[in-house]
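Take a look at the structure below.
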Amino acid sequence: MLRVTQGPVDFQMPKDQPEGKVWRYGIGIPFQIAPRMAGVFLNIRSDYEKTWDFEAGTDIVLFDDLSNTSQAKIYPVSRNYFAPDPETGENKEMTKYPVVGGFVPYGAKRADGSPHPFAGTGFGICQVIGYSSISEKRDGPYLLELIQFAFDGKDLKILSQGNIPNEHEPGLSSAIPDGDDLLYPMKGEGGSGISRWKYGSDGWYMSDFYRVQGSGGCEPSLIRDIDGSFLFNTRKGFDILVWRSEDLVNWTQIINAERIIAGTPITLNQAPDGTPYVVSCHFQEMYEDSMGVYSWGREILCLWPINKERNGLEPGIVVRIPRVEFGAPPSNTYWLVDHPAASTVQLADGEWHNVLAYRFMELCENALVWCFKGPGNPPIQTGSYLEEVISDGPARPKWNF
């Protein structure tokens with residue numbers, strides 16, 4: 001049996017918000033960075049822009065207590081910049097989408113107890129897309145950026161930052177260990193799959209890509225099940241789809257639950273005791289309201305545990321229903337409680353906690369096109385939330401310290 005906490009917003013506004021801009025934290029991807037310390041890749045959204053999903057960068061937030069995130073340490077990692085389009089010469093704002101990736105935590109050990117050779121290092125990748133002030137839309141160039149990190153137990157450092165071939169799109173979960181390597185879900189040409197990352201003279205680099213046959217979709221996620229096999233999920237329509245593999249090469253689809261979610265971001269995660277679960281927005285019938293806006297179906301966030309036989313889902317568990325908690329949003333559009341992602345991490349108490357992150361906002365913040373009453377101030381609930389998914393069984397440590 002799984003349970004989920006329901007706390008207040010944890011992170012709302014970056015300290016370096018520029019004058020004339022409205023920045024708010026949104027998507028979060030948790031990970032382990034050291035013994036008894038966790039981190040979260042926390043993206044920044046620029047509200048009330050002329051196009052939707054106008055991102056502004058990413059911070060890494062380090063914390064060790066879910067009940068006291070106000071004391072978290074924040075490191076700016078990525079911000080937008082201006083550069084000429086190589087084809088048109090137009091000076092465009094290069095928008096930085098969420099940085100995601102993985103770490104080998106400082107102090108990590110191998111299974112045999114020897115020190116992990118790459119402990120205290122990690123990587124992040126993000127899409128960079130040019131925004132045209134002339135056409136008022138994102139129209140390229142399209143870049144993929146790789147960032148190399150190091151953590152010495154006290155401070156986070158960026159070792160390098162530069163573009164790599166734009167052949168893959170990032171997934172929505174943090175990387176998981178596989179021996180001395182890291183495995184990270186991505187979308188590639190011909191379908192989604194798993195990228196293998198190795199550590200070399202210049203830091204982390206992608207060495208292989210294992211395509212999951214028949215997966216398609218985007219924004220994939222990956223976990224290692226309690227029997228050692230891999231479970232994989234991808235966002236594709238309104239269905240919950242899960243594949244299983246023992247070797248990353250041969251995959252079998254084990255779950256195809258139709259019309260369960262709202263066609264929104266979905267991730268595959270794992271409770272502290274190893275119970276796999278998927279989390280997304282509950283399916284809602286689409287309809288057009290009096291303002292000509294279709295229901296976005298992002299007002300009910302739920303999780304569904306995968307059964308012990310690994311061939312179906314247990315009944316859904318509500319994570320959040322903001323319209324019930326807070327009433328109608330101030331601008332009378334819709335609440336969006338979405339982009340969930342989780343990771344099991346060890347915190348200051350020495351216990352293992354499954355931290356579930358998600359963003360919360362009102363639809364009208366996403367772009368001026370939805371601001372029927374004109375732009376205003378974001379609701380007080382807007383921001384990034386960190387909750388805990390609690391399980392009954394004994395915890396299964398994700399890292400050896």
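In the structure tokens, the first chain shown is A, the next is B, and so on; residue numbers restart at 1 for each chain, and ligands run from 1 in the order shown.
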
Using only C-alpha atoms, which protein or nucleic acid residues come within 12 Å of Ile300 of chain A? Drop anything in the same chain fewer than 2 positions from it, and give the result as an mmCIF file with C-alpha atoms, in the first residue's frame.
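Okay, around00.cif is ready:
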```cif
data_model
loop_
_atom_site.group_PDB
_atom_site.id
_atom_site.type_symbol
_atom_site.label_atom_id
_atom_site.label_comp_id
_atom_site.auth_asym_id
_atom_site.auth_seq_id
_atom_site.Cartn_x
_atom_site.Cartn_y
_atom_site.Cartn_z
ATOM 1 C CA ILE A 260 -6.100 5.960 -18.162
ATOM 2 C CA ILE A 261 -4.185 9.228 -18.344
ATOM 3 C CA ALA A 262 -4.928 12.593 -19.946
ATOM 4 C CA THR A 264 0.041 14.324 -20.344
ATOM 5 C CA VAL A 279 2.240 8.821 -12.058
ATOM 6 C CA SER A 280 0.397 11.181 -14.396
ATOM 7 C CA CYS A 281 -2.791 13.208 -14.742
ATOM 8 C CA HIS A 282 -6.008 11.198 -14.592
ATOM 9 C CA PHE A 283 -7.967 10.871 -17.836
ATOM 10 C CA GLN A 284 -10.761 13.423 -18.284
ATOM 11 C CA SER A 295 -10.310 21.175 -20.836
ATOM 12 C CA TRP A 296 -6.635 20.365 -20.499
ATOM 13 C CA GLY A 297 -7.208 17.402 -18.236
ATOM 14 C CA ARG A 298 -4.343 18.351 -15.911
ATOM 15 C CA CYS A 302 -2.684 10.316 -9.602
ATOM 16 C CA LEU A 303 -0.312 7.397 -9.221
ATOM 17 C CA GLY A 316 -5.127 4.612 -8.607
ATOM 18 C CA ILE A 317 -4.147 6.823 -5.662
ATOM 19 C CA VAL A 318 -4.895 10.546 -5.751
ATOM 20 C CA VAL A 319 -1.834 12.776 -5.395
ATOM 21 C CA ARG A 320 -3.511 16.158 -5.819
ATOM 22 C CA ILE A 321 -6.836 17.672 -6.908
ATOM 23 C CA PRO A 322 -6.222 21.445 -6.703
ATOM 24 C CA ARG A 323 -9.754 22.507 -7.609
ATOM 25 C CA VAL A 324 -11.006 20.634 -4.533
ATOM 26 C CA GLU A 325 -8.231 22.023 -2.308
ATOM 27 C CA TYR A 334 -7.507 25.747 -15.308
ATOM 28 C CA TRP A 335 -5.040 24.425 -12.790
ATOM 29 C CA LEU A 336 -2.116 22.444 -14.161
ATOM 30 C CA VAL A 337 -0.579 19.929 -11.745
ATOM 31 C CA ASP A 338 1.721 17.880 -13.938
ATOM 32 C CA PRO A 340 5.734 14.417 -12.077
ATOM 33 C CA PHE A 360 1.767 23.532 -10.160
#
```

Give me, as CSV, each residue of segment 250-344 of chain A that comes within 12 Å of segment 96-102 of chain A, together with its shortest interatomic pair and the distance in Å at one decimal, counting only C-alpha atoms, with rows ordered by chain and rising residue number.
```
residue,atom,partner,partner_atom,distance
A:His339,CA,A:Pro98,CA,11.3
A:Ala341,CA,A:Val100,CA,11.1
A:Ser343,CA,A:Gly102,CA,11.1
```

Practice problem: Just the strand (DSSP E or B) stuff from segment 107-220 of chain A, please, per backbone DSSP, written as a ChimeraX atom specification. | Solution: /A:109,115,121-132,137-151,156-164,169-170,176-178,181-188,191-200,203-211,218-220

Quiz prompt | Residue nearest Asp112 of chain A - candidates A:Arg45, A:Trp243, A:Glu314, A:Gly179, atoms counted: only C-alpha atoms | solution = A:Gly179

Practice problem: Rank nothing, just name the residue among A:Ala271, A:Ala342, A:Cys218, A:Leu363 nearest to Pro30 of chain A, using only C-alpha atoms. | Solution: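 Closest candidate: A:Ala342.
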
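Considering the residues A:Gly28, A:Pro329, A:Gly39, A:Gly217 and counting only C-alpha atoms, Gly122 of chain A has its shortest atom-to-atom contact with A:Gly39.
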
Enumerate, in order of chain and increasing residue number, the residues of segment 205-257 of chain A with an atom no farther than 8 Å from segment 154-175 of chain A, each with its shortest atom pair and distance in Å to one decimal, counting only C-alpha atoms, as a Markdown table.
```
| residue | atom | partner | partner_atom | distance |
| --- | --- | --- | --- | --- |
| A:Cys218 | CA | A:Gly171 | CA | 7.3 |
| A:Glu219 | CA | A:Gly171 | CA | 4.2 |
| A:Pro220 | CA | A:Gly171 | CA | 4.7 |
| A:Ser221 | CA | A:Ser173 | CA | 5.2 |
| A:Leu222 | CA | A:Ser173 | CA | 6.9 |
```
